[in-house]
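Have a look at target.pdb below; it lists PDB, C-alpha atoms, pLDDT in the B column.
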ATOM      1  CA  MET Z   1      48.989  -7.809 -21.433  1.00 53.00           C
ATOM      2  CA  ALA Z   2      46.041  -9.395 -23.295  1.00 61.00           C
ATOM      3  CA  THR Z   3      46.037  -9.551 -27.064  1.00 68.00           C
ATOM      4  CA  PRO Z   4      42.807  -8.686 -28.891  1.00 69.00           C
ATOM      5  CA  ARG Z   5      40.873 -11.753 -29.988  1.00 70.00           C
ATOM      6  CA  PRO Z   6      39.579 -12.120 -33.530  1.00 69.00           C
ATOM      7  CA  PRO Z   7      35.764 -12.052 -33.854  1.00 68.00           C
ATOM      8  CA  ARG Z   8      34.042 -15.427 -33.451  1.00 68.00           C
ATOM      9  CA  VAL Z   9      32.174 -16.838 -36.405  1.00 64.00           C
ATOM     10  CA  VAL Z  10      29.386 -19.215 -35.521  1.00 64.00           C
ATOM     11  CA  PRO Z  11      28.605 -21.833 -38.181  1.00 68.00           C
ATOM     12  CA  GLY Z  12      25.200 -21.161 -39.724  1.00 69.00           C
ATOM     13  CA  GLU Z  13      25.189 -17.514 -38.724  1.00 59.00           C
ATOM     14  CA  ALA Z  14      24.659 -14.903 -41.435  1.00 64.00           C
ATOM     15  CA  SER Z  15      27.398 -12.358 -41.950  1.00 59.00           C
ATOM     16  CA  GLU Z  16      26.444  -8.865 -40.959  1.00 60.00           C
ATOM     17  CA  SER Z  17      28.232  -7.190 -43.850  1.00 61.00           C
ATOM     18  CA  ASP Z  18      30.378  -8.016 -46.875  1.00 59.00           C
ATOM     19  CA  SER Z  19      33.333  -6.256 -45.306  1.00 60.00           C
ATOM     20  CA  GLU Z  20      33.428  -8.707 -42.389  1.00 53.00           C
ATOM     21  CA  PRO Z  21      36.361 -11.110 -42.764  1.00 57.00           C
ATOM     22  CA  GLU Z  22      35.612 -14.803 -42.739  1.00 55.00           C
ATOM     23  CA  LEU Z  23      37.902 -16.967 -40.705  1.00 55.00           C
ATOM     24  CA  PRO Z  24      39.233 -20.087 -42.453  1.00 55.00           C
ATOM     25  CA  GLY Z  25      38.063 -23.263 -40.796  1.00 52.00           C
ATOM     26  CA  GLY Z  26      35.232 -21.494 -38.887  1.00 48.00           C
ATOM     27  CA  ALA Z  27      34.807 -21.447 -35.122  1.00 47.00           C
ATOM     28  CA  ALA Z  28      34.039 -25.161 -34.973  1.00 47.00           C
ATOM     29  CA  GLY Z  29      37.118 -26.171 -36.957  1.00 48.00           C
ATOM     30  CA  GLY Z  30      35.433 -27.059 -40.272  1.00 48.00           C
ATOM     31  CA  THR Z  31      33.428 -25.416 -43.018  1.00 52.00           C
ATOM     32  CA  PRO Z  32      30.239 -26.771 -44.493  1.00 50.00           C
ATOM     33  CA  GLY Z  33      30.722 -28.662 -47.733  1.00 54.00           C
ATOM     34  CA  ALA Z  34      29.918 -27.110 -51.113  1.00 54.00           C
ATOM     35  CA  GLY Z  35      26.252 -27.277 -52.001  1.00 59.00           C
ATOM     36  CA  LEU Z  36      25.265 -28.047 -48.415  1.00 60.00           C
ATOM     37  CA  LYS Z  37      22.488 -25.729 -47.236  1.00 62.00           C
ATOM     38  CA  VAL Z  38      22.662 -24.836 -43.529  1.00 61.00           C
ATOM     39  CA  PRO Z  39      19.428 -23.393 -42.073  1.00 66.00           C
ATOM     40  CA  GLY Z  40      19.864 -19.735 -41.242  1.00 67.00           C
ATOM     41  CA  GLU Z  41      23.046 -19.369 -43.277  1.00 59.00           C
ATOM     42  CA  ALA Z  42      23.334 -16.449 -45.677  1.00 62.00           C
ATOM     43  CA  SER Z  43      23.680 -17.442 -49.308  1.00 59.00           C
ATOM     44  CA  GLU Z  44      27.136 -16.870 -50.719  1.00 59.00           C
ATOM     45  CA  THR Z  45      26.533 -16.814 -54.478  1.00 63.00           C
ATOM     46  CA  ASP Z  46      23.980 -15.416 -56.863  1.00 61.00           C
ATOM     47  CA  GLU Z  47      23.202 -18.912 -58.192  1.00 61.00           C
ATOM     48  CA  GLU Z  48      21.921 -20.056 -54.824  1.00 58.00           C
ATOM     49  CA  GLU Z  49      19.692 -16.985 -54.615  1.00 58.00           C
ATOM     50  CA  GLU Z  50      18.198 -17.771 -58.030  1.00 60.00           C
ATOM     51  CA  GLU Z  51      17.563 -21.395 -57.015  1.00 61.00           C
ATOM     52  CA  GLU Z  52      15.777 -20.230 -53.903  1.00 57.00           C
ATOM     53  CA  GLU Z  53      13.555 -17.884 -55.887  1.00 61.00           C
ATOM     54  CA  GLU Z  54      12.445 -20.745 -58.158  1.00 65.00           C
ATOM     55  CA  ARG Z  55      11.460 -23.002 -55.239  1.00 62.00           C
ATOM     56  CA  PRO Z  56       7.971 -22.539 -53.787  1.00 58.00           C
ATOM     57  CA  LYS Z  57       8.096 -20.783 -50.440  1.00 62.00           C
ATOM     58  CA  THR Z  58       6.529 -22.504 -47.434  1.00 62.00           C
ATOM     59  CA  PRO Z  59       5.246 -20.424 -44.562  1.00 62.00           C
ATOM     60  CA  PRO Z  60       7.612 -20.354 -41.595  1.00 64.00           C
ATOM     61  CA  ALA Z  61       6.727 -22.635 -38.710  1.00 61.00           C
ATOM     62  CA  VAL Z  62       5.005 -20.717 -35.933  1.00 57.00           C
ATOM     63  CA  PRO Z  63       5.835 -22.054 -32.487  1.00 58.00           C
ATOM     64  CA  GLU Z  64       2.843 -23.193 -30.504  1.00 55.00           C
ATOM     65  CA  GLU Z  65       1.670 -20.905 -27.760  1.00 56.00           C
ATOM     66  CA  PRO Z  66       1.692 -22.259 -24.195  1.00 51.00           C
ATOM     67  CA  ALA Z  67      -2.108 -22.092 -24.073  1.00 49.00           C
ATOM     68  CA  ALA Z  68      -2.315 -24.347 -27.129  1.00 51.00           C
ATOM     69  CA  VAL Z  69       0.123 -26.797 -25.555  1.00 52.00           C
ATOM     70  CA  TRP Z  70      -2.089 -27.121 -22.476  1.00 51.00           C
ATOM     71  CA  GLY Z  71      -5.218 -27.527 -24.574  1.00 52.00           C
ATOM     72  CA  ARG Z  72      -6.893 -24.185 -23.878  1.00 52.00           C
ATOM     73  CA  SER Z  73      -8.157 -21.548 -26.279  1.00 58.00           C
ATOM     74  CA  ARG Z  74      -6.496 -18.132 -26.539  1.00 64.00           C
ATOM     75  CA  GLY Z  75      -8.822 -16.279 -24.151  1.00 72.00           C
ATOM     76  CA  ASP Z  76      -8.741 -18.800 -21.304  1.00 82.00           C
ATOM     77  CA  PRO Z  77      -5.797 -19.157 -18.929  1.00 82.00           C
ATOM     78  CA  SER Z  78      -3.698 -22.250 -19.469  1.00 89.00           C
ATOM     79  CA  LEU Z  79      -3.450 -25.081 -16.968  1.00 91.00           C
ATOM     80  CA  LEU Z  80       0.020 -23.887 -16.054  1.00 92.00           C
ATOM     81  CA  GLN Z  81      -1.278 -20.377 -15.372  1.00 92.00           C
ATOM     82  CA  GLN Z  82      -4.121 -21.778 -13.279  1.00 91.00           C
ATOM     83  CA  ARG Z  83      -1.697 -23.874 -11.232  1.00 94.00           C
ATOM     84  CA  LEU Z  84       0.596 -20.873 -10.788  1.00 94.00           C
ATOM     85  CA  ARG Z  85      -2.325 -18.754  -9.574  1.00 93.00           C
ATOM     86  CA  GLU Z  86      -3.424 -21.483  -7.157  1.00 94.00           C
ATOM     87  CA  GLY Z  87       0.123 -21.881  -5.851  1.00 95.00           C
ATOM     88  CA  SER Z  88       0.502 -18.119  -5.497  1.00 95.00           C
ATOM     89  CA  GLY Z  89      -2.782 -17.955  -3.604  1.00 95.00           C
ATOM     90  CA  ARG Z  90      -1.734 -20.727  -1.224  1.00 96.00           C
ATOM     91  CA  LEU Z  91       1.645 -19.097  -0.704  1.00 96.00           C
ATOM     92  CA  ARG Z  92       0.035 -15.708  -0.061  1.00 96.00           C
ATOM     93  CA  GLY Z  93      -2.346 -17.310   2.441  1.00 95.00           C
ATOM     94  CA  ALA Z  94       0.448 -19.171   4.229  1.00 96.00           C
ATOM     95  CA  VAL Z  95       2.614 -16.060   4.460  1.00 96.00           C
ATOM     96  CA  GLY Z  96      -0.338 -13.993   5.714  1.00 95.00           C
ATOM     97  CA  SER Z  97      -1.214 -16.630   8.296  1.00 95.00           C
ATOM     98  CA  ALA Z  98       2.394 -16.850   9.508  1.00 95.00           C
ATOM     99  CA  LEU Z  99       2.591 -13.062   9.801  1.00 95.00           C
ATOM    100  CA  ARG Z 100      -0.720 -12.864  11.667  1.00 94.00           C
ATOM    101  CA  GLN Z 101       0.403 -15.572  14.103  1.00 95.00           C
ATOM    102  CA  SER Z 102       3.794 -14.013  14.738  1.00 95.00           C
ATOM    103  CA  TYR Z 103       2.328 -10.522  15.135  1.00 94.00           C
ATOM    104  CA  GLY Z 104      -0.380 -11.914  17.425  1.00 93.00           C
ATOM    105  CA  ARG Z 105       2.180 -13.704  19.597  1.00 93.00           C
ATOM    106  CA  ALA Z 106       4.355 -10.585  19.737  1.00 93.00           C
ATOM    107  CA  ALA Z 107       1.351  -8.416  20.662  1.00 92.00           C
ATOM    108  CA  ARG Z 108       0.316 -10.833  23.440  1.00 91.00           C
ATOM    109  CA  HIS Z 109       3.905 -10.989  24.693  1.00 92.00           C
ATOM    110  CA  LEU Z 110       4.173  -7.195  24.697  1.00 91.00           C
ATOM    111  CA  GLY Z 111       0.811  -6.956  26.445  1.00 89.00           C
ATOM    112  CA  GLY Z 112       2.064  -9.339  29.142  1.00 91.00           C
ATOM    113  CA  LEU Z 113       5.273  -7.358  29.485  1.00 92.00           C
ATOM    114  CA  GLY Z 114       3.263  -4.138  29.721  1.00 90.00           C
ATOM    115  CA  GLY Z 115       1.153  -5.608  32.510  1.00 90.00           C
ATOM    116  CA  ALA Z 116       4.233  -6.835  34.370  1.00 92.00           C
ATOM    117  CA  LEU Z 117       5.865  -3.427  33.962  1.00 93.00           C
ATOM    118  CA  GLY Z 118       2.739  -1.723  35.339  1.00 93.00           C
ATOM    119  CA  ARG Z 119       2.695  -4.058  38.341  1.00 94.00           C
ATOM    120  CA  ALA Z 120       6.418  -3.470  38.925  1.00 95.00           C
ATOM    121  CA  GLN Z 121       5.922   0.302  38.763  1.00 95.00           C
ATOM    122  CA  ALA Z 122       3.037   0.097  41.248  1.00 95.00           C
ATOM    123  CA  ALA Z 123       5.138  -2.049  43.607  1.00 96.00           C
ATOM    124  CA  ALA Z 124       8.072   0.375  43.306  1.00 96.00           C
ATOM    125  CA  ALA Z 125       5.778   3.323  44.054  1.00 96.00           C
ATOM    126  CA  ALA Z 126       4.336   1.505  47.093  1.00 96.00           C
ATOM    127  CA  ALA Z 127       7.835   0.635  48.333  1.00 96.00           C
ATOM    128  CA  ALA Z 128       8.953   4.252  47.882  1.00 97.00           C
ATOM    129  CA  HIS Z 129       5.905   5.441  49.852  1.00 96.00           C
ATOM    130  CA  CYS Z 130       6.642   2.947  52.649  1.00 96.00           C
ATOM    131  CA  LEU Z 131      10.275   4.095  52.760  1.00 96.00           C
ATOM    132  CA  ARG Z 132       9.166   7.745  53.011  1.00 96.00           C
ATOM    133  CA  LEU Z 133       6.813   6.871  55.881  1.00 96.00           C
ATOM    134  CA  ALA Z 134       9.524   4.873  57.672  1.00 96.00           C
ATOM    135  CA  ARG Z 135      12.062   7.684  57.273  1.00 96.00           C
ATOM    136  CA  ARG Z 136       9.527  10.183  58.608  1.00 96.00           C
ATOM    137  CA  ASP Z 137       8.826   7.937  61.605  1.00 96.00           C
ATOM    138  CA  LEU Z 138      12.561   7.433  62.214  1.00 95.00           C
ATOM    139  CA  ARG Z 139      13.144  11.187  62.121  1.00 95.00           C
ATOM    140  CA  ALA Z 140      10.321  11.676  64.652  1.00 95.00           C
ATOM    141  CA  VAL Z 141      11.822   9.036  66.958  1.00 94.00           C
ATOM    142  CA  ALA Z 142      15.297  10.571  66.595  1.00 92.00           C
ATOM    143  CA  ALA Z 143      13.876  13.986  67.464  1.00 92.00           C
ATOM    144  CA  ALA Z 144      12.121  12.568  70.549  1.00 90.00           C
ATOM    145  CA  VAL Z 145      15.338  10.844  71.673  1.00 87.00           C
ATOM    146  CA  ASP Z 146      17.254  14.076  71.229  1.00 87.00           C
ATOM    147  CA  ILE Z 147      14.688  15.941  73.350  1.00 86.00           C
ATOM    148  CA  VAL Z 148      14.858  13.326  76.087  1.00 81.00           C
ATOM    149  CA  THR Z 149      18.646  13.188  76.160  1.00 81.00           C
ATOM    150  CA  ALA Z 150      18.973  16.962  76.059  1.00 83.00           C
ATOM    151  CA  CYS Z 151      16.628  17.497  79.019  1.00 80.00           C
ATOM    152  CA  ARG Z 152      18.511  17.648  82.333  1.00 75.00           C
ATOM    153  CA  LEU Z 153      15.380  17.863  84.488  1.00 76.00           C
ATOM    154  CA  LEU Z 154      14.565  14.190  84.277  1.00 71.00           C
ATOM    155  CA  PRO Z 155      16.163  11.832  86.767  1.00 71.00           C
ATOM    156  CA  ASP Z 156      18.846   9.466  85.528  1.00 70.00           C
ATOM    157  CA  ILE Z 157      17.121   6.100  85.320  1.00 72.00           C
ATOM    158  CA  ARG Z 158      20.006   4.231  83.848  1.00 72.00           C
ATOM    159  CA  GLU Z 159      21.240   1.493  86.098  1.00 75.00           C
ATOM    160  CA  PRO Z 160      24.762   0.261  85.907  1.00 76.00           C
ATOM    161  CA  LEU Z 161      25.065  -3.163  84.416  1.00 75.00           C
ATOM    162  CA  PRO Z 162      25.940  -5.831  86.925  1.00 77.00           C
ATOM    163  CA  ALA Z 163      29.384  -7.362  86.494  1.00 76.00           C
ATOM    164  CA  ARG Z 164      29.457 -10.997  85.891  1.00 69.00           C
TER
END

Structure translated into structure tokens:
Amino acid sequence: MATPRPPRVVPGEASESDSEPELPGGAAGGTPGAGLKVPGEASETDEEEEEEEERPKTPPAVPEEPAAVWGRSRGDPSLLQQRLREGSGRLRGAVGSALRQSYGRAARHLGGLGGALGRAQAAAAAAAHCLRLARRDLRAVAAAVDIVTACRLLPDIREPLPAR
């Protein structure tokens, strides 16, 4: 069974409320020395607040925008954005070209298979027609043989086979 962990206190982090307990030694194992000002740390006494009010306030540092880093004005796209657009365009073109080629090859292959299937169907139909004609002819011959063998009016023309 897991035991609940105490809340972590990060050095330099402001407390969220006065009721939050402070852990001795901090999360890093040591506390900042007295009088040491850590950026972003909440002040702990009223004296420090009064000292801060007496000091002249400097405007907070504003991080530079990516466009300023690449030497462009705010309205123009940065060099990074231009390169990303160019790369995206090349990628889009390459993907489109690959798709067109693969679809073209597949269409040609299917067209060839369709032609082969049509030729095979025509050959099968011709073979079936030839088989029907042959069966019809064989039936006619069988009927003629039956008529000849059934007729007793004709002389017997069969000769006995000579013995060897």

Report the distance between atom CA of Val141 of chain Z and atom CA of Ala124 of chain Z in Å, rounded to one decimal place.
25.5 Å

Edge lengths and centre in Å to one decimal, as AutoDock Vina command-line options, of the axis-aligned box that encloses all listed atoms of segment 145-155 of chain Z with 6 Å added on every side?
--center_x 16.8 --center_y 14.4 --center_z 79.0 --size_x 16.4 --size_y 19.0 --size_z 27.5

Tell me, in Å to one decimal, how far atom CA of Gly96 of chain Z is from atom CA of Gly114 of chain Z.
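Separation between atom CA of Gly96 of chain Z and atom CA of Gly114 of chain Z: 26.2 Å.
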
Distance atom CA of Pro77 of chain Z-atom CA of Val95 of chain Z, one decimal place?
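One can read the atom CA of Pro77 of chain Z to atom CA of Val95 of chain Z distance as 25.0 Å.
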